[in-house]
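> Below: one structure in structure tokens.
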Amino acid sequence: MRTVIGAACAMLLISTAAAFAGQTEGLIKKVDKDTLTLTLDDGKAYKLNAETDIDSLKPGMDIVIAYDVTNGENVVTDMQLPDSDQN
């Protein structure tokens with residue numbers, strides 16, 4: 001019986017440590033180059049990775065973001081920007 005309870009507790013801990021994946025879209029409100037964060041018009045902030053071309057991200061741009069929640073932070077895993085050759 002102890003083994004079953006122990007195994008159930010272990011599975012519960014493993015499942016709560018897993019990252020949550022999500023997707024959102026909105027307008028860029030702010031880009032912070034120092035902290036590598038992007039804030040959308042809904043007020044939520046997302047952490048960018050060091051390889052992101054920060055200079056291509058401008059306030060007012062529409063963006064679609066895929067992210068993981070890791071250690072309480074929304075970490076961008078993928079993003080889609082509007083085409084740059086719009087007329």
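Please note that chains go A, B, ... in the order of the structure tokens, that every chain numbers its residues from 1, and that ligands are numbered from 1 in the order shown.
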Mind checking which residues fall within 9 Å of Ala21 (chain A), counting only C-alpha atoms, ignoring those fewer than 6 positions away in the same chain, and posting them as a VMD selection string?

chain A and resid 66 to 69

> Convert the current residue selection to file output with C-alpha atoms, as a short mmCIF file (atom, residue, chain, number, x, y, z; two decimals), in the first residue's frame.


```cif
data_model
loop_
_atom_site.label_atom_id
_atom_site.label_comp_id
_atom_site.auth_asym_id
_atom_site.auth_seq_id
_atom_site.Cartn_x
_atom_site.Cartn_y
_atom_site.Cartn_z
CA ALA A 66 3.90 30.51 -28.41
CA TYR A 67 5.32 30.25 -24.90
CA ASP A 68 6.08 27.98 -21.96
CA VAL A 69 5.56 28.93 -18.33
#
```

> Which residues, written as a PDB file with N, CA and C atoms, in the first residue's frame, have at least one atom at most 8 Å from region 33-46 of chain A, with only C-alpha atoms counted and residues fewer than 6 positions away on the same chain left out?


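The resulting file, out.pdb, is shown below:
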```pdb
ATOM      1  N   GLY A  26      -1.539  39.519 -29.853  1.00  0.00           N
ATOM      2  CA  GLY A  26      -1.902  40.871 -29.452  1.00  0.00           C
ATOM      3  C   GLY A  26      -0.968  41.886 -30.066  1.00  0.00           C
ATOM      4  N   LEU A  27      -1.075  43.107 -29.584  1.00  0.00           N
ATOM      5  CA  LEU A  27      -0.212  44.187 -30.038  1.00  0.00           C
ATOM      6  C   LEU A  27       0.920  44.384 -29.046  1.00  0.00           C
ATOM      7  N   ILE A  54      15.809  41.805 -31.340  1.00  0.00           N
ATOM      8  CA  ILE A  54      15.005  42.764 -30.569  1.00  0.00           C
ATOM      9  C   ILE A  54      14.645  43.986 -31.407  1.00  0.00           C
ATOM     10  N   TYR A  67       4.467  30.109 -26.081  1.00  0.00           N
ATOM     11  CA  TYR A  67       5.317  30.253 -24.897  1.00  0.00           C
ATOM     12  C   TYR A  67       5.131  29.086 -23.936  1.00  0.00           C
ATOM     13  N   GLU A  73       7.675  32.318 -15.178  1.00  0.00           N
ATOM     14  CA  GLU A  73       7.857  33.278 -16.264  1.00  0.00           C
ATOM     15  C   GLU A  73       7.285  32.727 -17.561  1.00  0.00           C
ATOM     16  N   ASN A  74       6.700  33.616 -18.363  1.00  0.00           N
ATOM     17  CA  ASN A  74       6.249  33.262 -19.709  1.00  0.00           C
ATOM     18  C   ASN A  74       7.454  33.386 -20.634  1.00  0.00           C
ATOM     19  N   VAL A  75       7.956  32.254 -21.124  1.00  0.00           N
ATOM     20  CA  VAL A  75       9.163  32.230 -21.951  1.00  0.00           C
ATOM     21  C   VAL A  75       8.756  31.928 -23.392  1.00  0.00           C
ATOM     22  N   VAL A  76       9.064  32.843 -24.303  1.00  0.00           N
ATOM     23  CA  VAL A  76       8.693  32.700 -25.710  1.00  0.00           C
ATOM     24  C   VAL A  76       9.462  31.537 -26.333  1.00  0.00           C
TER      25      VAL A  76
END
```

> May I ask which of the residues A:Ile65, A:Asp32, A:Asp53, A:Glu25 is the closest one to Thr77 (chain A), counting only C-alpha atoms?

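Under the stated criterion, the closest residue is A:Ile65.
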
> Which one of A:Leu48, A:Leu57, A:Ile28, A:Ile63 sits closest to Gln80 (chain A) if you count only C-alpha atoms?

A:Ile63

> Just how far from CA of Val64 (chain A) is CA of Leu81 (chain A), in Å to one decimal?

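So the two atoms, CA of Leu81 (chain A) and CA of Val64 (chain A), lie 6.8 Å apart.
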